[in-house]
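Visitor: Got run.csv for you, CSV, C-alpha atoms:
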```csv
chain,number,residue,atom,x,y,z
A,1,MET,CA,-46.2,162.0,132.5
A,2,LYS,CA,-48.8,161.9,129.7
A,3,LYS,CA,-47.8,158.4,128.8
A,4,ARG,CA,-48.2,157.3,132.4
A,5,ASN,CA,-51.7,158.9,132.7
A,6,LEU,CA,-52.7,157.2,129.4
A,7,LEU,CA,-51.5,153.8,130.6
A,8,LEU,CA,-53.4,154.3,133.9
A,9,CYS,CA,-56.6,155.2,132.1
A,10,CYS,CA,-56.3,152.1,129.9
A,11,LEU,CA,-55.8,149.8,133.0
A,12,ILE,CA,-58.8,151.3,134.7
A,13,ALA,CA,-61.0,151.0,131.6
A,14,THR,CA,-60.1,147.3,131.2
A,15,GLY,CA,-60.7,146.6,134.9
A,16,CYS,CA,-64.1,148.2,134.8
A,17,ARG,CA,-65.8,146.0,132.2
A,18,GLU,CA,-68.8,143.8,133.2
A,19,THR,CA,-68.5,140.1,133.4
A,20,ALA,CA,-71.2,137.5,133.5
A,21,PRO,CA,-71.6,135.4,136.6
A,22,LYS,CA,-69.7,132.1,136.3
A,23,GLU,CA,-72.9,130.0,136.5
A,24,THR,CA,-74.5,131.9,133.6
A,25,ALA,CA,-71.4,131.8,131.5
A,26,ASN,CA,-71.0,128.0,132.1
A,27,ALA,CA,-74.7,127.4,131.3
A,28,ASP,CA,-74.4,129.4,128.0
A,29,ALA,CA,-71.2,127.5,127.1
A,30,ALA,CA,-72.9,124.2,127.8
A,31,ALA,CA,-75.9,125.2,125.7
A,32,ASN,CA,-73.7,126.3,122.8
A,33,SER,CA,-71.6,123.1,122.9
A,34,THR,CA,-74.8,121.0,122.9
A,35,ALA,CA,-76.2,122.8,119.9
A,36,THR,CA,-72.9,122.5,118.0
A,37,ALA,CA,-72.7,118.8,118.8
A,38,ALA,CA,-76.2,118.3,117.6
A,39,GLN,CA,-75.4,120.0,114.3
A,40,SER,CA,-72.2,118.2,113.4
A,41,PRO,CA,-71.3,114.7,114.4
A,42,PRO,CA,-67.9,114.1,116.1
A,43,ALA,CA,-65.0,113.4,113.8
A,44,GLU,CA,-64.1,110.1,115.4
A,45,LYS,CA,-67.1,108.4,113.7
A,46,VAL,CA,-65.4,108.3,110.3
A,47,PRO,CA,-62.7,105.6,110.0
A,48,MET,CA,-59.2,106.8,109.2
A,49,TYR,CA,-58.7,104.0,106.6
A,50,ARG,CA,-60.8,102.7,103.8
A,51,THR,CA,-61.7,99.0,103.7
A,52,THR,CA,-61.9,99.1,99.8
A,53,VAL,CA,-60.1,101.6,97.5
A,54,SER,CA,-61.8,102.4,94.2
A,55,THR,CA,-59.6,102.3,91.1
A,56,GLU,CA,-62.0,104.6,89.3
A,57,PRO,CA,-61.7,108.4,89.7
A,58,VAL,CA,-64.1,109.8,92.4
A,59,ALA,CA,-64.1,113.2,90.7
A,60,GLU,CA,-63.0,114.4,87.2
A,61,TYR,CA,-62.7,117.6,85.2
A,62,LYS,CA,-61.8,117.4,81.5
A,63,GLN,CA,-61.5,120.0,78.8
A,64,LYS,CA,-60.3,119.4,75.2
A,65,THR,CA,-57.4,121.6,74.1
A,66,GLU,CA,-57.4,123.6,70.9
A,67,ASN,CA,-54.6,121.5,69.3
A,68,PRO,CA,-55.9,120.7,65.8
A,69,LEU,CA,-53.5,117.8,65.2
A,70,ASN,CA,-54.0,115.8,68.4
A,71,ASP,CA,-56.7,114.6,70.7
A,72,TRP,CA,-55.3,116.3,73.8
A,73,TYR,CA,-57.0,117.4,77.0
A,74,PHE,CA,-56.6,119.4,80.2
A,75,SER,CA,-57.8,117.0,82.9
A,76,VAL,CA,-57.7,116.5,86.6
A,77,LYS,CA,-58.8,113.2,88.2
A,78,LEU,CA,-59.1,112.4,91.9
A,79,TYR,CA,-58.4,108.9,93.1
A,80,GLU,CA,-58.9,107.3,96.6
A,81,THR,CA,-56.0,106.1,98.7
A,82,SER,CA,-56.1,103.7,101.6
A,83,LYS,CA,-56.4,106.7,103.9
A,84,THR,CA,-59.9,108.1,104.1
A,85,PHE,CA,-59.0,111.8,103.9
A,86,GLN,CA,-56.2,111.5,101.4
A,87,TYR,CA,-56.6,111.5,97.6
A,88,VAL,CA,-54.2,111.5,94.6
A,89,MET,CA,-54.7,114.2,92.0
A,90,LYS,CA,-53.6,113.1,88.5
A,91,LEU,CA,-53.1,116.1,86.3
A,92,LYS,CA,-52.7,116.3,82.6
A,93,TYR,CA,-52.3,119.0,80.0
A,94,GLU,CA,-51.7,117.8,76.5
A,95,GLU,CA,-48.7,115.5,77.0
A,96,MET,CA,-47.6,117.0,80.4
A,97,GLU,CA,-48.5,114.9,83.4
A,98,GLY,CA,-48.2,115.4,87.1
A,99,GLU,CA,-49.5,114.3,90.5
A,100,ASP,CA,-50.3,116.0,93.7
A,101,THR,CA,-51.8,114.8,97.0
A,102,LEU,CA,-55.0,116.2,98.4
A,103,PHE,CA,-55.6,116.0,102.2
A,104,LEU,CA,-59.2,116.8,103.1
A,105,PRO,CA,-60.1,117.7,106.7
A,106,ASN,CA,-62.1,115.4,108.8
A,107,VAL,CA,-65.3,117.4,109.3
A,108,GLY,CA,-67.2,114.4,110.8
A,109,THR,CA,-68.6,113.0,107.6
A,110,VAL,CA,-67.3,110.8,104.8
A,111,PRO,CA,-65.3,113.2,102.5
A,112,LYS,CA,-66.9,114.3,99.3
A,113,PRO,CA,-64.3,115.7,96.9
A,114,VAL,CA,-65.5,117.9,94.1
A,115,ILE,CA,-64.0,119.6,91.1
A,116,GLN,CA,-65.5,122.7,89.6
A,117,LYS,CA,-64.8,124.8,86.5
A,118,GLY,CA,-62.2,127.5,87.1
A,119,ASP,CA,-62.0,131.1,85.9
A,120,ASN,CA,-60.6,130.2,82.4
A,121,LYS,CA,-60.7,127.3,79.9
A,122,TYR,CA,-57.8,125.4,81.4
A,123,ALA,CA,-58.4,125.9,85.1
A,124,CYS,CA,-60.5,124.1,87.7
A,125,ILE,CA,-61.0,124.3,91.5
A,126,VAL,CA,-60.5,121.2,93.6
A,127,GLY,CA,-62.4,121.2,96.8
A,128,PHE,CA,-64.9,119.3,99.0
A,129,MET,CA,-68.4,119.5,100.3
A,130,ASP,CA,-68.4,120.3,104.0
A,131,ASN,CA,-70.8,118.8,106.6
A,132,HIS,CA,-73.4,121.5,105.7
A,133,ASP,CA,-73.2,120.6,101.9
A,134,GLN,CA,-71.3,123.8,101.0
A,135,PHE,CA,-68.5,123.7,98.5
A,136,ARG,CA,-65.1,124.6,100.1
A,137,GLU,CA,-62.4,125.5,97.5
A,138,TYR,CA,-59.0,124.1,98.3
A,139,LYS,CA,-56.6,124.0,95.3
A,140,LYS,CA,-56.6,125.5,91.9
A,141,VAL,CA,-55.2,123.6,88.9
A,142,TYR,CA,-54.4,125.6,85.8
A,143,VAL,CA,-52.2,126.2,82.8
A,144,LYS,CA,-50.1,129.3,82.6
A,145,ASN,CA,-47.6,129.9,79.8
A,146,ASN,CA,-48.0,126.3,78.7
A,147,GLU,CA,-47.1,125.0,82.1
A,148,LEU,CA,-49.3,122.9,84.4
A,149,LYS,CA,-49.6,124.5,87.9
A,150,VAL,CA,-51.2,123.8,91.2
A,151,THR,CA,-51.9,126.5,93.8
A,152,SER,CA,-53.4,126.1,97.3
A,153,LEU,CA,-56.2,128.6,97.7
A,154,LYS,CA,-57.1,127.9,101.3
A,155,HIS,CA,-56.1,125.8,104.2
A,156,TYR,CA,-58.4,123.9,106.5
A,157,SER,CA,-58.2,122.4,110.0
A,158,VAL,CA,-60.6,120.9,112.4
A,159,ALA,CA,-60.5,121.3,116.2
A,160,THR,CA,-62.4,119.2,118.7
A,161,TYR,CA,-63.0,120.2,122.3
A,162,ALA,CA,-63.3,118.0,125.3
A,163,LYS,CA,-66.2,118.5,127.6
```
Please express what this file holds, its structure, as structure tokens.
Guide:
Amino acid sequence: MKKRNLLLCCLIATGCRETAPKETANADAAANSTATAAQSPPAEKVPMYRTTVSTEPVAEYKQKTENPLNDWYFSVKLYETSKTFQYVMKLKYEEMEGEDTLFLPNVGTVPKPVIQKGDNKYACIVGFMDNHDQFREYKKVYVKNNELKVTSLKHYSVATYAK
């Protein structure tokens, strides 16, 4: 009996909430979507493919290792591909090499990949600048127990809404 009364109270409480009139709610939604559209351009304006692909790295992080006999480095380099939002990450630690693919979200602007120093000597954070020029971390490249590792820190997606 107590459970039934609790359920009845919950149903009555949810049914008694105030709602805005439809005209006001629609006007507010239209104003918000207009403000959002003015702040960030639509994602369709950026082409999905590049007309020219640079052979030079677009971003690079390099740190000399402490090996006294060799001129070795920990390095991460990002290279463009024919797809605008896809990059190849070339990784190196001493004589170990690896590759990974970086897929950046289409935030309505030409992608700007960035590599920042990590939390230790042989670590860096690969990310991108969003459409508000804020750094968004994406992957961490680091050395642990003399092994080269890549970890995804965050995942990003972009949604567009039809009017």
Visitor: Please provide as a PyMOL selection string all residues within 8 Å of range 48-55 of chain A, with the sequence filter that same-chain residues fewer than 5 positions apart are discarded (counting only C-alpha atoms).
Guide: chain A and resi 79-85
Visitor: Excluding range 118-123 of chain A and any residue of its chain fewer than 5 positions from it, enumerate the residues within 8 Å of it, using all atoms listed in the file, and give them as a PyMOL selection string.
Guide: chain A and resi 63+74+140-143
Visitor: For Tyr93 in chain A, work out the shell of residues within 7 Å, counting all atoms listed in the file and skipping chain neighbours fewer than 6 positions away, then give it as a list in words.
Guide: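 Final neighbour list, sorted by chain and number: Tyr73, Phe74, Ser75 and Leu148 of chain A.
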Visitor: For the selection just defined, write its residues with C-alpha atoms to a file, as a PDB file, in the coordinates of the input.
Guide:
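Okay, part.pdb is ready:
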```
ATOM      1  CA  TYR A  73     -57.000 117.400  77.000  1.00  0.00           C
ATOM      2  CA  PHE A  74     -56.600 119.400  80.200  1.00  0.00           C
ATOM      3  CA  SER A  75     -57.800 117.000  82.900  1.00  0.00           C
ATOM      4  CA  LEU A 148     -49.300 122.900  84.400  1.00  0.00           C
TER       5      LEU A 148
END
```
Visitor: For a quick check of understanding, using all atoms listed in the file, which of A:Val150, A:Val158, A:Val110, A:Ile115 has the smallest distance to Lys45 in chain A?
Guide: A:Val110
Visitor: Name the closest residue to Thr101 in chain A among the candidates A:Val114, A:Gln134, A:Val126, A:Glu66; distances are taken between atoms, counting only C-alpha atoms.
Guide: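 When distances to Thr101 in chain A are compared using only C-alpha atoms, the smallest one comes from A:Val126.
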Visitor: At what distance in Å, to one decimal, does CA of Glu95 in chain A lie from CA of Trp72 in chain A?
Guide: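 Going from CA of Trp72 in chain A over to CA of Glu95 in chain A covers 7.4 Å.
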Visitor: Looking at only C-alpha atoms, which of A:Pro68, A:Pro57, A:Asn146, A:Pro105 is the one that sits closest to Val88 in chain A?
Guide: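 Of all the options, A:Pro57 lies closest to Val88 in chain A.
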Visitor: Quick one: of A:Tyr87, A:Lys144, A:Thr151, A:Pro111, who's nearest to Val46 in chain A, counting all atoms listed in the file?
Guide: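 Selected residue with least distance to Val46 in chain A: A:Pro111.
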Visitor: Please work out which residues fall within 7 Å of (-58.5, 123.6, 100.2), coordinates as given in the file, with all atoms listed in the file counting, and return them as a short mmCIF file (atom, residue, chain, number, x, y, z; two decimals) with C-alpha atoms, in the coordinates of the input.
Guide:
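Once written, out.cif looks like this:
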```cif
data_model
loop_
_atom_site.label_atom_id
_atom_site.label_comp_id
_atom_site.auth_asym_id
_atom_site.auth_seq_id
_atom_site.Cartn_x
_atom_site.Cartn_y
_atom_site.Cartn_z
CA GLY A 127 -62.40 121.20 96.80
CA ARG A 136 -65.10 124.60 100.10
CA GLU A 137 -62.40 125.50 97.50
CA TYR A 138 -59.00 124.10 98.30
CA LYS A 139 -56.60 124.00 95.30
CA SER A 152 -53.40 126.10 97.30
CA LEU A 153 -56.20 128.60 97.70
CA LYS A 154 -57.10 127.90 101.30
CA HIS A 155 -56.10 125.80 104.20
CA TYR A 156 -58.40 123.90 106.50
#
```
